Amino acid sequence: MAIAPIGSASALGNAFAVAPTASQPPAVSGADGSGNGFGDMVGKAINSLQSTQANADNLATQAATGQLQDVQQYMVASTEASLSTQLTVAVRNKAVDAFNEIMRMSV
Amino acid sequence: MIFGAIDTASSGLSVYRTWMDAVSNNIANADTNHTLPAGATPFQEQLVEAQANDYSQSGGVGTGVHVAAIAAGDTEIDLGDQMSKMIMAQRGYEANLAVVDRAKDAYQQALTLGK
């Protein structure tokens, strides 16, 4: 376990100190579709899920046609695809929960 | 890398499977040299050389193992030796499978966090 040198730790501290004092408030984008907000993050996660599942599909085809080199290649890919899907669904559920919580808020 | 443990164990599975393949070939050719046609090159025991993946640059935990080379060994195949290697390869394979299993369980447990 590497311990970060003090130089880099203070740099990190500066980054945190500077960010909130920037001219704009911390961006909670997504409504206008720009920036790296939650929507962007979910988009990236779904893209990565897509490629993981495509990989698993590809290996499943190889297994069916007898071209698969290693049995564990497919098993590992399908396990990763399954875990990625579960992760994405968990994130989606949390987001929907948060949304519902806000909608229930009485003003 | 989210699936570091699974990918690392997968590289181990690959190496142990190669080892099992090599042992299987050695056992299949255990008597080849006793029934060799005149002038033919004798069969040499195949040895799998495993090497850790380069982890000096990553600065973090390594990423597993790979087969560096298949070396040629003795022309005399000792069945007892091959069988013990077979058991070692099988146990190693099982150990890596156990890692995949545990890592998957751990990830799934992490997904239930906060539920």
# chains A, B, ... in the order shown; residues from 1 in each chain; ligands from 1
$ interface_residues --of "chain A" --to "chain B" --cutoff "10 Å" --atoms "only C-alpha atoms" --output "PDB file with C-alpha atoms, in the first residue's frame"
ATOM      1  CA  MET A   1       0.000   0.000   0.000  1.00  0.00           C
ATOM      2  CA  ALA A   2       1.654   3.197  -1.191  1.00  0.00           C
ATOM      3  CA  GLN A  69      -9.951 -21.393 -26.377  1.00  0.00           C
ATOM      4  CA  ASP A  70     -10.587 -21.321 -22.648  1.00  0.00           C
ATOM      5  CA  VAL A  71     -13.770 -22.264 -20.840  1.00  0.00           C
ATOM      6  CA  GLN A  72     -13.153 -19.650 -18.179  1.00  0.00           C
ATOM      7  CA  GLN A  73     -13.006 -16.875 -20.793  1.00  0.00           C
ATOM      8  CA  MET A  75     -17.563 -17.800 -17.686  1.00  0.00           C
ATOM      9  CA  VAL A  76     -15.568 -14.761 -16.563  1.00  0.00           C
ATOM     10  CA  ALA A  77     -17.061 -12.557 -19.288  1.00  0.00           C
ATOM     11  CA  THR A  79     -19.936 -13.111 -14.711  1.00  0.00           C
ATOM     12  CA  GLU A  80     -18.610  -9.617 -15.430  1.00  0.00           C
ATOM     13  CA  SER A  82     -23.955 -10.013 -14.950  1.00  0.00           C
ATOM     14  CA  LEU A  83     -22.204  -7.955 -12.263  1.00  0.00           C
ATOM     15  CA  SER A  84     -22.118  -4.880 -14.524  1.00  0.00           C
ATOM     16  CA  GLN A  86     -26.532  -5.536 -11.447  1.00  0.00           C
ATOM     17  CA  LEU A  87     -24.393  -2.464 -10.765  1.00  0.00           C
ATOM     18  CA  THR A  88     -26.149  -0.398 -13.423  1.00  0.00           C
ATOM     19  CA  VAL A  89     -29.569  -1.482 -12.184  1.00  0.00           C
ATOM     20  CA  ALA A  90     -28.568  -0.646  -8.607  1.00  0.00           C
ATOM     21  CA  VAL A  91     -27.456   2.840  -9.665  1.00  0.00           C
ATOM     22  CA  LYS A  94     -30.964   4.597  -6.365  1.00  0.00           C
TER      23      LYS A  94
END
$ select_by_dssp --residues "stretch 30-98 of chain B" --states "strand (DSSP E or B)" --output "PyMOL selection string"
chain B and resi 46-52+65-72
$ atom_distance --atom1 "atom CA of B:Ala71" --atom2 "atom CA of B:Gln46"
5.9 Å
$ residues_around --residues "B:Gly62" --least-positions-apart "4" --cutoff "9 Å" --atoms "only C-alpha atoms" --output "compact mmCIF listing (two decimals) with N, CA and C atoms, in the first residue's frame"
# COMPACT_ATOMS: atom_id res chain seq x y z
N THR B 8 -7.63 -11.14 -12.76
CA THR B 8 -6.37 -11.74 -12.32
C THR B 8 -6.51 -13.25 -12.17
N ALA B 52 5.00 -13.84 -13.91
CA ALA B 52 4.04 -12.83 -13.45
C ALA B 52 3.95 -11.71 -14.48
N ASN B 53 2.72 -11.19 -14.65
CA ASN B 53 2.57 -10.03 -15.53
C ASN B 53 3.36 -8.86 -14.95
N ASP B 54 3.87 -8.02 -15.84
CA ASP B 54 4.71 -6.90 -15.40
C ASP B 54 3.91 -5.97 -14.49
N TYR B 55 4.36 -5.87 -13.25
CA TYR B 55 3.65 -4.99 -12.32
C TYR B 55 4.53 -3.85 -11.84
N SER B 56 5.75 -3.72 -12.44
CA SER B 56 6.66 -2.67 -11.98
C SER B 56 6.17 -1.29 -12.40
N SER B 58 2.89 -0.45 -13.09
CA SER B 58 1.53 -0.09 -12.67
C SER B 58 1.53 0.68 -11.35
$ residues_around --residues "A:Thr52" --least-positions-apart "2" --cutoff "8 Å" --atoms "only C-alpha atoms" --output "ChimeraX atom specification"
/A:48-50,54-56,77,80-81,84
$ closest_residue --among "B:Gln90, B:Gln44, B:Thr32, B:Gln109" --to "B:Ala72" --atoms "only C-alpha atoms"
B:Gln44
